[in-house]
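One file, coords-v6.cif, is given below (mmCIF, N, CA and C atoms and all ligand atoms).
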data_structure
loop_
_atom_site.group_PDB
_atom_site.id
_atom_site.type_symbol
_atom_site.label_atom_id
_atom_site.label_comp_id
_atom_site.auth_asym_id
_atom_site.auth_seq_id
_atom_site.Cartn_x
_atom_site.Cartn_y
_atom_site.Cartn_z
ATOM 1 N N MET A 1 75.759 93.202 36.523
ATOM 2 C CA MET A 1 74.308 93.040 36.364
ATOM 3 C C MET A 1 73.579 93.947 37.375
ATOM 4 N N ASP A 2 72.615 94.711 36.875
ATOM 5 C CA ASP A 2 71.922 95.603 37.815
ATOM 6 C C ASP A 2 70.874 94.852 38.641
ATOM 7 N N LYS A 3 70.376 95.551 39.643
ATOM 8 C CA LYS A 3 69.433 94.945 40.583
ATOM 9 C C LYS A 3 68.162 94.454 39.903
ATOM 10 N N LYS A 4 67.690 95.286 38.959
ATOM 11 C CA LYS A 4 66.434 94.978 38.274
ATOM 12 C C LYS A 4 66.555 93.658 37.486
ATOM 13 N N THR A 5 67.662 93.507 36.801
ATOM 14 C CA THR A 5 67.890 92.297 36.013
ATOM 15 C C THR A 5 67.989 91.075 36.916
ATOM 16 N N LYS A 6 68.715 91.240 38.007
ATOM 17 C CA LYS A 6 68.857 90.134 38.965
ATOM 18 C C LYS A 6 67.497 89.693 39.492
ATOM 19 N N LYS A 7 66.669 90.691 39.800
ATOM 20 C CA LYS A 7 65.336 90.424 40.333
ATOM 21 C C LYS A 7 64.498 89.666 39.297
ATOM 22 N N LEU A 8 64.623 90.128 38.050
ATOM 23 C CA LEU A 8 63.858 89.512 36.956
ATOM 24 C C LEU A 8 64.271 88.053 36.752
ATOM 25 N N ILE A 9 65.559 87.809 36.815
ATOM 26 C CA ILE A 9 66.075 86.445 36.647
ATOM 27 C C ILE A 9 65.572 85.553 37.781
ATOM 28 N N LYS A 10 65.603 86.100 38.989
ATOM 29 C CA LYS A 10 65.134 85.355 40.156
ATOM 30 C C LYS A 10 63.665 84.946 39.980
ATOM 31 N N LYS A 11 62.874 85.915 39.475
ATOM 32 C CA LYS A 11 61.449 85.674 39.261
ATOM 33 C C LYS A 11 61.256 84.583 38.201
ATOM 34 N N ARG A 12 62.018 84.680 37.120
ATOM 35 C CA ARG A 12 61.938 83.709 36.028
ATOM 36 C C ARG A 12 62.259 82.303 36.529
ATOM 37 N N VAL A 13 63.289 82.198 37.332
ATOM 38 C CA VAL A 13 63.708 80.910 37.885
ATOM 39 C C VAL A 13 62.593 80.320 38.748
ATOM 40 N N LYS A 14 61.960 81.193 39.514
ATOM 41 C CA LYS A 14 60.869 80.746 40.386
ATOM 42 C C LYS A 14 59.714 80.180 39.548
ATOM 43 N N ILE A 15 59.376 80.883 38.463
ATOM 44 C CA ILE A 15 58.290 80.421 37.584
ATOM 45 C C ILE A 15 58.652 79.068 36.963
ATOM 46 N N ASN A 16 59.895 78.956 36.507
ATOM 47 C CA ASN A 16 60.348 77.688 35.935
ATOM 48 C C ASN A 16 60.249 76.546 36.942
ATOM 49 N N ASP A 17 60.613 76.848 38.175
ATOM 50 C CA ASP A 17 60.527 75.831 39.228
ATOM 51 C C ASP A 17 59.086 75.391 39.435
ATOM 52 N N GLN A 18 58.176 76.388 39.393
ATOM 53 C CA GLN A 18 56.762 76.062 39.580
ATOM 54 C C GLN A 18 56.236 75.209 38.428
ATOM 55 N N LEU A 19 56.632 75.561 37.197
ATOM 56 C CA LEU A 19 56.210 74.777 36.034
ATOM 57 C C LEU A 19 56.759 73.365 36.118
ATOM 58 N N GLU A 20 58.007 73.290 36.506
ATOM 59 C CA GLU A 20 58.673 72.002 36.669
ATOM 60 C C GLU A 20 57.895 71.143 37.672
ATOM 61 N N GLU A 21 57.429 71.801 38.723
ATOM 62 C CA GLU A 21 56.694 71.084 39.759
ATOM 63 C C GLU A 21 55.352 70.580 39.242
ATOM 64 N N ILE A 22 54.713 71.377 38.365
ATOM 65 C CA ILE A 22 53.407 70.983 37.833
ATOM 66 C C ILE A 22 53.547 69.806 36.872
ATOM 67 N N PHE A 23 54.501 69.907 35.937
ATOM 68 C CA PHE A 23 54.568 68.901 34.885
ATOM 69 C C PHE A 23 55.499 67.737 35.189
ATOM 70 N N HIS A 24 56.538 68.028 35.926
ATOM 71 C CA HIS A 24 57.468 66.963 36.243
ATOM 72 C C HIS A 24 57.253 66.556 37.690
ATOM 73 N N GLY A 25 57.943 65.575 38.078
ATOM 74 C CA GLY A 25 57.834 65.173 39.463
ATOM 75 C C GLY A 25 57.839 63.668 39.549
ATOM 76 N N ARG A 26 58.372 63.209 40.633
ATOM 77 C CA ARG A 26 58.486 61.766 40.810
ATOM 78 C C ARG A 26 57.322 61.246 41.629
ATOM 79 N N CYS A 27 56.941 60.030 41.335
ATOM 80 C CA CYS A 27 55.901 59.366 42.096
ATOM 81 C C CYS A 27 56.404 59.223 43.534
ATOM 82 N N VAL A 28 55.591 59.646 44.493
ATOM 83 C CA VAL A 28 56.058 59.608 45.878
ATOM 84 C C VAL A 28 56.207 58.176 46.404
ATOM 85 N N ASP A 29 55.587 57.223 45.740
ATOM 86 C CA ASP A 29 55.694 55.830 46.190
ATOM 87 C C ASP A 29 56.841 55.061 45.521
ATOM 88 N N CYS A 30 56.941 55.158 44.187
ATOM 89 C CA CYS A 30 57.950 54.324 43.509
ATOM 90 C C CYS A 30 59.072 55.140 42.866
ATOM 91 N N ASN A 31 58.968 56.477 42.970
ATOM 92 C CA ASN A 31 60.036 57.360 42.518
ATOM 93 C C ASN A 31 60.230 57.443 40.998
ATOM 94 N N VAL A 32 59.279 56.920 40.220
ATOM 95 C CA VAL A 32 59.387 57.028 38.774
ATOM 96 C C VAL A 32 59.045 58.469 38.370
ATOM 97 N N ASP A 33 59.688 58.989 37.308
ATOM 98 C CA ASP A 33 59.385 60.328 36.811
ATOM 99 C C ASP A 33 58.065 60.250 36.034
ATOM 100 N N THR A 34 57.005 60.795 36.625
ATOM 101 C CA THR A 34 55.661 60.625 36.055
ATOM 102 C C THR A 34 55.516 61.297 34.685
ATOM 103 N N PHE A 35 56.217 62.407 34.501
ATOM 104 C CA PHE A 35 56.151 63.085 33.200
ATOM 105 C C PHE A 35 56.831 62.225 32.147
ATOM 106 N N HIS A 36 57.964 61.697 32.505
ATOM 107 C CA HIS A 36 58.765 60.897 31.579
ATOM 108 C C HIS A 36 58.001 59.659 31.093
ATOM 109 N N ILE A 37 57.238 59.036 31.966
ATOM 110 C CA ILE A 37 56.497 57.842 31.548
ATOM 111 C C ILE A 37 55.094 58.175 31.009
ATOM 112 N N GLY A 38 54.793 59.481 30.894
ATOM 113 C CA GLY A 38 53.503 59.893 30.330
ATOM 114 C C GLY A 38 52.351 59.710 31.294
ATOM 115 N N GLU A 39 52.615 59.964 32.573
ATOM 116 C CA GLU A 39 51.529 59.846 33.535
ATOM 117 C C GLU A 39 51.359 61.121 34.349
ATOM 118 N N SER A 40 51.190 62.219 33.598
ATOM 119 C CA SER A 40 50.795 63.478 34.218
ATOM 120 C C SER A 40 49.292 63.575 34.058
ATOM 121 N N TYR A 41 48.587 63.530 35.143
ATOM 122 C CA TYR A 41 47.125 63.540 35.077
ATOM 123 C C TYR A 41 46.589 64.236 36.314
ATOM 124 N N MET A 42 45.311 64.562 36.292
ATOM 125 C CA MET A 42 44.669 65.110 37.497
ATOM 126 C C MET A 42 43.371 64.370 37.748
ATOM 127 N N VAL A 43 43.224 63.896 38.949
ATOM 128 C CA VAL A 43 41.968 63.254 39.331
ATOM 129 C C VAL A 43 41.198 64.197 40.254
ATOM 130 N N HIS A 44 39.937 63.908 40.472
ATOM 131 C CA HIS A 44 39.129 64.742 41.357
ATOM 132 C C HIS A 44 39.717 64.709 42.775
ATOM 133 N N ASP A 45 39.496 65.809 43.483
ATOM 134 C CA ASP A 45 40.038 65.942 44.840
ATOM 135 C C ASP A 45 39.665 64.765 45.735
ATOM 136 N N SER A 46 38.424 64.310 45.601
ATOM 137 C CA SER A 46 37.956 63.221 46.472
ATOM 138 C C SER A 46 38.759 61.938 46.226
ATOM 139 N N VAL A 47 39.100 61.698 44.967
ATOM 140 C CA VAL A 47 39.882 60.498 44.621
ATOM 141 C C VAL A 47 41.300 60.626 45.175
ATOM 142 N N TRP A 48 41.853 61.825 45.004
ATOM 143 C CA TRP A 48 43.214 62.104 45.481
ATOM 144 C C TRP A 48 43.288 61.945 47.001
ATOM 145 N N LYS A 49 42.238 62.433 47.662
ATOM 146 C CA LYS A 49 42.169 62.360 49.122
ATOM 147 C C LYS A 49 42.040 60.899 49.576
ATOM 148 N N LYS A 50 41.216 60.158 48.857
ATOM 149 C CA LYS A 50 41.039 58.745 49.189
ATOM 150 C C LYS A 50 42.351 57.977 49.075
ATOM 151 N N ALA A 51 43.204 58.448 48.164
ATOM 152 C CA ALA A 51 44.513 57.806 47.995
ATOM 153 C C ALA A 51 45.488 58.265 49.083
ATOM 154 N N GLY A 52 44.990 59.104 49.997
ATOM 155 C CA GLY A 52 45.832 59.563 51.108
ATOM 156 C C GLY A 52 46.764 60.685 50.730
ATOM 157 N N MET A 53 46.414 61.409 49.645
ATOM 158 C CA MET A 53 47.282 62.482 49.173
ATOM 159 C C MET A 53 46.734 63.850 49.532
ATOM 160 N N LYS A 54 47.647 64.795 49.815
ATOM 161 C CA LYS A 54 47.257 66.180 50.022
ATOM 162 C C LYS A 54 47.330 66.891 48.687
ATOM 163 N N LYS A 55 46.673 68.070 48.616
ATOM 164 C CA LYS A 55 46.583 68.790 47.342
ATOM 165 C C LYS A 55 47.918 68.999 46.641
ATOM 166 N N SER A 56 48.919 69.486 47.358
ATOM 167 C CA SER A 56 50.203 69.625 46.681
ATOM 168 C C SER A 56 51.224 68.698 47.335
ATOM 169 N N GLY A 57 50.798 67.486 47.548
ATOM 170 C CA GLY A 57 51.645 66.523 48.231
ATOM 171 C C GLY A 57 52.492 65.672 47.304
ATOM 172 N N GLY A 58 52.615 66.090 46.033
ATOM 173 C CA GLY A 58 53.442 65.361 45.095
ATOM 174 C C GLY A 58 52.621 64.625 44.068
ATOM 175 N N LYS A 59 53.237 63.632 43.439
ATOM 176 C CA LYS A 59 52.588 62.924 42.340
ATOM 177 C C LYS A 59 52.559 61.426 42.615
ATOM 178 N N LEU A 60 51.640 60.777 41.922
ATOM 179 C CA LEU A 60 51.577 59.312 41.968
ATOM 180 C C LEU A 60 51.459 58.811 40.539
ATOM 181 N N CYS A 61 52.143 57.740 40.211
ATOM 182 C CA CYS A 61 51.941 57.136 38.897
ATOM 183 C C CYS A 61 50.620 56.356 38.956
ATOM 184 N N VAL A 62 50.140 55.922 37.818
ATOM 185 C CA VAL A 62 48.851 55.219 37.770
ATOM 186 C C VAL A 62 48.887 53.947 38.625
ATOM 187 N N GLY A 63 49.964 53.211 38.519
ATOM 188 C CA GLY A 63 50.082 51.967 39.277
ATOM 189 C C GLY A 63 49.995 52.188 40.778
ATOM 190 N N CYS A 64 50.659 53.230 41.255
ATOM 191 C CA CYS A 64 50.702 53.462 42.702
ATOM 192 C C CYS A 64 49.396 54.037 43.236
ATOM 193 N N ILE A 65 48.732 54.911 42.473
ATOM 194 C CA ILE A 65 47.449 55.429 42.966
ATOM 195 C C ILE A 65 46.431 54.285 42.998
ATOM 196 N N GLU A 66 46.511 53.390 42.031
ATOM 197 C CA GLU A 66 45.564 52.262 42.009
ATOM 198 C C GLU A 66 45.825 51.301 43.163
ATOM 199 N N LYS A 67 47.085 51.148 43.491
ATOM 200 C CA LYS A 67 47.428 50.294 44.628
ATOM 201 C C LYS A 67 46.851 50.890 45.904
ATOM 202 N N ARG A 68 46.992 52.211 46.049
ATOM 203 C CA ARG A 68 46.463 52.889 47.246
ATOM 204 C C ARG A 68 44.941 52.825 47.298
ATOM 205 N N LEU A 69 44.304 52.976 46.131
ATOM 206 C CA LEU A 69 42.836 52.980 46.103
ATOM 207 C C LEU A 69 42.257 51.567 46.185
ATOM 208 N N GLY A 70 43.074 50.603 45.810
ATOM 209 C CA GLY A 70 42.605 49.223 45.787
ATOM 210 C C GLY A 70 41.670 48.942 44.624
ATOM 211 N N ARG A 71 41.737 49.776 43.594
ATOM 212 C CA ARG A 71 40.928 49.574 42.386
ATOM 213 C C ARG A 71 41.573 50.298 41.222
ATOM 214 N N LYS A 72 41.074 50.006 40.026
ATOM 215 C CA LYS A 72 41.597 50.691 38.847
ATOM 216 C C LYS A 72 40.893 52.030 38.677
ATOM 217 N N LEU A 73 41.626 52.990 38.121
ATOM 218 C CA LEU A 73 41.005 54.273 37.800
ATOM 219 C C LEU A 73 40.089 54.094 36.601
ATOM 220 N N ASN A 74 39.060 54.912 36.502
ATOM 221 C CA ASN A 74 38.277 54.951 35.273
ATOM 222 C C ASN A 74 38.010 56.399 34.905
ATOM 223 N N CYS A 75 37.413 56.625 33.745
ATOM 224 C CA CYS A 75 37.339 58.001 33.224
ATOM 225 C C CYS A 75 36.585 58.957 34.142
ATOM 226 N N ARG A 76 35.740 58.445 35.002
ATOM 227 C CA ARG A 76 35.013 59.352 35.914
ATOM 228 C C ARG A 76 35.905 59.955 36.998
ATOM 229 N N ASP A 77 37.048 59.325 37.211
ATOM 230 C CA ASP A 77 37.964 59.823 38.241
ATOM 231 C C ASP A 77 38.724 61.074 37.801
ATOM 232 N N PHE A 78 38.747 61.313 36.486
ATOM 233 C CA PHE A 78 39.595 62.391 35.961
ATOM 234 C C PHE A 78 38.830 63.674 35.720
ATOM 235 N N PHE A 79 39.498 64.787 35.952
ATOM 236 C CA PHE A 79 38.993 66.099 35.562
ATOM 237 C C PHE A 79 39.038 66.191 34.047
ATOM 238 N N MET A 80 38.077 66.843 33.447
ATOM 239 C CA MET A 80 38.196 67.088 32.016
ATOM 240 C C MET A 80 38.905 68.420 31.813
ATOM 241 N N ILE A 81 40.180 68.402 32.043
ATOM 242 C CA ILE A 81 40.999 69.599 31.842
ATOM 243 C C ILE A 81 42.021 69.300 30.763
ATOM 244 N N GLY A 82 42.698 70.374 30.307
ATOM 245 C CA GLY A 82 43.640 70.247 29.198
ATOM 246 C C GLY A 82 44.606 69.089 29.327
ATOM 247 N N LEU A 83 45.162 68.963 30.499
ATOM 248 C CA LEU A 83 46.160 67.920 30.737
ATOM 249 C C LEU A 83 45.596 66.533 30.444
ATOM 250 N N ASN A 84 44.404 66.265 30.936
ATOM 251 C CA ASN A 84 43.789 64.955 30.725
ATOM 252 C C ASN A 84 43.246 64.800 29.309
ATOM 253 N N ILE A 85 42.707 65.896 28.770
ATOM 254 C CA ILE A 85 42.154 65.836 27.416
ATOM 255 C C ILE A 85 43.254 65.531 26.409
ATOM 256 N N GLN A 86 44.392 66.156 26.620
ATOM 257 C CA GLN A 86 45.546 65.912 25.751
ATOM 258 C C GLN A 86 45.940 64.434 25.809
ATOM 259 N N ALA A 87 45.959 63.897 27.013
ATOM 260 C CA ALA A 87 46.306 62.488 27.186
ATOM 261 C C ALA A 87 45.240 61.591 26.554
ATOM 262 N N TYR A 88 43.999 62.057 26.608
ATOM 263 C CA TYR A 88 42.875 61.312 26.046
ATOM 264 C C TYR A 88 42.950 61.281 24.520
ATOM 265 N N MET A 89 43.310 62.431 23.954
ATOM 266 C CA MET A 89 43.285 62.589 22.502
ATOM 267 C C MET A 89 44.505 62.006 21.795
ATOM 268 N N PHE A 90 45.678 62.224 22.381
ATOM 269 C CA PHE A 90 46.892 61.919 21.628
ATOM 270 C C PHE A 90 47.691 60.784 22.265
ATOM 271 N N PRO A 91 47.879 59.715 21.510
ATOM 272 C CA PRO A 91 48.609 58.559 22.042
ATOM 273 C C PRO A 91 50.003 58.887 22.562
ATOM 274 N N PHE A 92 50.662 59.869 21.932
ATOM 275 C CA PHE A 92 52.033 60.173 22.353
ATOM 276 C C PHE A 92 52.070 60.938 23.675
ATOM 277 N N ALA A 93 50.902 61.449 24.121
ATOM 278 C CA ALA A 93 50.893 62.321 25.301
ATOM 279 C C ALA A 93 50.742 61.554 26.607
ATOM 280 N N ALA A 94 50.512 60.267 26.515
ATOM 281 C CA ALA A 94 50.261 59.540 27.757
ATOM 282 C C ALA A 94 50.660 58.077 27.632
ATOM 283 N N SER A 95 50.884 57.454 28.766
ATOM 284 C CA SER A 95 51.226 56.036 28.777
ATOM 285 C C SER A 95 50.009 55.225 28.359
ATOM 286 N N LYS A 96 50.266 53.995 27.962
ATOM 287 C CA LYS A 96 49.192 53.109 27.524
ATOM 288 C C LYS A 96 48.151 52.925 28.631
ATOM 289 N N ARG A 97 48.619 52.698 29.869
ATOM 290 C CA ARG A 97 47.650 52.425 30.933
ATOM 291 C C ARG A 97 46.841 53.661 31.310
ATOM 292 N N LEU A 98 47.465 54.849 31.239
ATOM 293 C CA LEU A 98 46.698 56.066 31.527
ATOM 294 C C LEU A 98 45.625 56.279 30.468
ATOM 295 N N ARG A 99 45.997 56.061 29.198
ATOM 296 C CA ARG A 99 45.006 56.210 28.121
ATOM 297 C C ARG A 99 43.874 55.200 28.274
ATOM 298 N N LYS A 100 44.242 54.009 28.694
ATOM 299 C CA LYS A 100 43.234 52.975 28.886
ATOM 300 C C LYS A 100 42.217 53.404 29.955
ATOM 301 N N ARG A 101 42.720 53.977 31.050
ATOM 302 C CA ARG A 101 41.832 54.433 32.129
ATOM 303 C C ARG A 101 40.953 55.586 31.668
ATOM 304 N N LEU A 102 41.557 56.508 30.911
ATOM 305 C CA LEU A 102 40.803 57.674 30.431
ATOM 306 C C LEU A 102 39.688 57.256 29.479
ATOM 307 N N HIS A 103 39.898 56.154 28.769
ATOM 308 C CA HIS A 103 38.903 55.676 27.809
ATOM 309 C C HIS A 103 37.971 54.628 28.406
ATOM 310 N N ASP A 104 38.126 54.369 29.675
ATOM 311 C CA ASP A 104 37.350 53.290 30.295
ATOM 312 C C ASP A 104 35.975 53.770 30.734
ATOM 313 N N TYR A 105 34.992 53.554 29.881
ATOM 314 C CA TYR A 105 33.631 53.943 30.231
ATOM 315 C C TYR A 105 32.872 52.762 30.824
ATOM 316 N N GLU A 106 33.457 51.577 30.694
ATOM 317 C CA GLU A 106 32.699 50.382 31.047
ATOM 318 C C GLU A 106 32.534 50.152 32.522
ATOM 319 N N SER A 107 33.474 50.662 33.327
ATOM 320 C CA SER A 107 33.317 50.418 34.759
ATOM 321 C C SER A 107 32.522 51.537 35.447
ATOM 322 N N TRP A 108 31.739 52.311 34.667
ATOM 323 C CA TRP A 108 30.862 53.328 35.261
ATOM 324 C C TRP A 108 29.788 52.685 36.092
HETATM 325 ZN ZN ZN A 201 54.514 54.952 41.382
#

Output the file's structure in the form of structure tokens.
Amino acid sequence: MDKKTKKLIKKRVKINDQLEEIFHGRCVDCNVDTFHIGESYMVHDSVWKKAGMKKSGGKLCVGCIEKRLGRKLNCRDFFMIGLNIQAYMFPFAASKRLRKRLHDYESW
């Protein structure tokens, strides 16, 4: 294998690792695979900070972030980005409790 190919493979692996980090990842509190249970979401920085999390400090499942915040999440906590919109729109894309929070307009 030549140098160029090796370099390209290395780069590809790095990108895959980064994607893996974005979509997969275990909850730092209870160790559940957040992607597997359909709880890949993004909340506003202020909410994340209030939960004691740093920007790239890992993931939290819905149950654990709510425990840290001492309250339930509601739709105002979430960014309206693709990841959350997908979870909002499609039942198969998110856990029941995440969808419930995304659709929760009543606790505004
Ligand atoms: Zn958890």

- request: Kindly provide, as an NGL selection string, the polymer residues lying within 6.5 Å of (40.7, 60.6, 40.7), counting all atoms listed in the file and using the coordinates exactly as they appear in the file.
  value: :A and (42-48 or 76-79)

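Evaluated against this file, the PyMOL selection byres (((chain A and resi 39 and name CA) around 8) and not hetatm and name CA) yields A:Thr34, A:Phe35, A:His36, A:Ile37, A:Gly38, A:Ser40, A:Tyr41, A:Cys61, A:Val62, A:Ala94, A:Ser95, A:Leu98.
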
- prompt: Interatomic distance between atom CA of A:Arg68 and atom CA of A:Lys96?
  reply: 19.9 Å

- prompt: Would you give me, as a ChimeraX atom specification, the residues in stretch 51-88 of chain A that DSSP reads as helix (DSSP H, G or I)?
  reply: /A:62-69,75-77,82-88

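With all atoms listed in the file as the atoms that count, the residue of A:Lys7, A:Arg97, A:Arg26, A:Arg71 with the shortest distance to ligand ZN 201 (chain A) is A:Arg26.
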
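Counting only C-alpha atoms and all ligand atoms, the residue from A:Cys27, A:Lys3, A:Lys100, A:Lys10 that sits nearest to ligand ZN 201 (chain A) is A:Cys27.
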
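Among the candidates A:Ile65, A:Asn84, A:Lys6, A:Lys50, the one nearest to ligand ZN 201 (chain A) when counting only N, CA and C atoms and all ligand atoms is A:Ile65.
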
Neighbours of ligand ZN 201 (chain A) within 6 Å, counting only C-alpha atoms and all ligand atoms, as a short mmCIF file (atom, residue, chain, number, x, y, z; two decimals) with N, CA and C atoms, keeping the file's coordinate frame?
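Output contents, as saved in selection.cif:
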data_model
loop_
_atom_site.label_atom_id
_atom_site.label_comp_id
_atom_site.auth_asym_id
_atom_site.auth_seq_id
_atom_site.Cartn_x
_atom_site.Cartn_y
_atom_site.Cartn_z
N CYS A 27 56.94 60.03 41.34
CA CYS A 27 55.90 59.37 42.10
C CYS A 27 56.40 59.22 43.53
N ASP A 29 55.59 57.22 45.74
CA ASP A 29 55.69 55.83 46.19
C ASP A 29 56.84 55.06 45.52
N CYS A 30 56.94 55.16 44.19
CA CYS A 30 57.95 54.32 43.51
C CYS A 30 59.07 55.14 42.87
N VAL A 32 59.28 56.92 40.22
CA VAL A 32 59.39 57.03 38.77
C VAL A 32 59.04 58.47 38.37
N LEU A 60 51.64 60.78 41.92
CA LEU A 60 51.58 59.31 41.97
C LEU A 60 51.46 58.81 40.54
N CYS A 61 52.14 57.74 40.21
CA CYS A 61 51.94 57.14 38.90
C CYS A 61 50.62 56.36 38.96
N GLY A 63 49.96 53.21 38.52
CA GLY A 63 50.08 51.97 39.28
C GLY A 63 50.00 52.19 40.78
N CYS A 64 50.66 53.23 41.26
CA CYS A 64 50.70 53.46 42.70
C CYS A 64 49.40 54.04 43.24
#

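What separates atom C of A:Ser56 from atom N of A:Val28 is a distance of 10.4 Å.
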
statement: Pairwise distance, atom CA of A:Arg99 with atom CA of A:Lys54, equals 24.2 Å

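Here the DSSP assignment of strand (DSSP E or B), based on backbone atoms, applies within chain A to A:Arg26, A:Cys27, A:Asp33, A:Val43, A:Lys59, A:Phe78.
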
Mind working out the centre and edge lengths of an axis-aligned box for stretch 58-74 of chain A, all listed atoms inside, 3 Å added to each side, rounded to one decimal in Å and written as JSON?
{"center_x": 45.7, "center_y": 57.5, "center_z": 41.1, "size_x": 21.4, "size_y": 23.1, "size_z": 18.4}

Output of stretch 73-107 of chain A limited to C-alpha atoms, as a short mmCIF file (atom, residue, chain, number, x, y, z; two decimals), in the first residue's frame:
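Output contents, as saved in selection.cif:
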data_model
loop_
_atom_site.label_atom_id
_atom_site.label_comp_id
_atom_site.auth_asym_id
_atom_site.auth_seq_id
_atom_site.Cartn_x
_atom_site.Cartn_y
_atom_site.Cartn_z
CA LEU A 73 -37.31 18.94 29.39
CA ASN A 74 -39.78 20.73 27.16
CA CYS A 75 -39.71 21.77 23.52
CA ARG A 76 -38.15 25.16 24.30
CA ASP A 77 -35.02 23.43 25.54
CA PHE A 78 -34.25 21.96 22.12
CA PHE A 79 -32.54 23.45 19.10
CA MET A 80 -34.64 23.26 15.98
CA ILE A 81 -31.99 21.43 14.03
CA GLY A 82 -32.17 18.37 11.80
CA LEU A 83 -31.43 15.95 14.58
CA ASN A 84 -34.29 17.20 16.75
CA ILE A 85 -36.67 17.81 13.86
CA GLN A 86 -36.21 14.24 12.72
CA ALA A 87 -37.00 13.04 16.22
CA TYR A 88 -39.99 15.38 16.30
CA MET A 89 -41.38 14.20 12.98
CA PHE A 90 -40.75 10.48 12.92
CA PRO A 91 -41.74 8.10 15.70
CA PHE A 92 -39.04 5.61 14.75
CA ALA A 93 -36.30 8.25 15.12
CA ALA A 94 -36.64 8.82 18.83
CA SER A 95 -37.65 7.27 22.12
CA LYS A 96 -41.15 7.82 23.43
CA ARG A 97 -40.00 10.14 26.21
CA LEU A 98 -37.83 12.26 23.90
CA ARG A 99 -40.75 12.67 21.49
CA LYS A 100 -42.99 13.57 24.39
CA ARG A 101 -40.59 16.34 25.47
CA LEU A 102 -40.21 17.64 21.92
CA HIS A 103 -44.00 17.88 21.62
CA ASP A 104 -44.49 19.40 25.04
CA TYR A 105 -45.79 22.90 24.48
CA GLU A 106 -47.82 22.97 27.66
CA SER A 107 -45.07 23.67 30.13
#
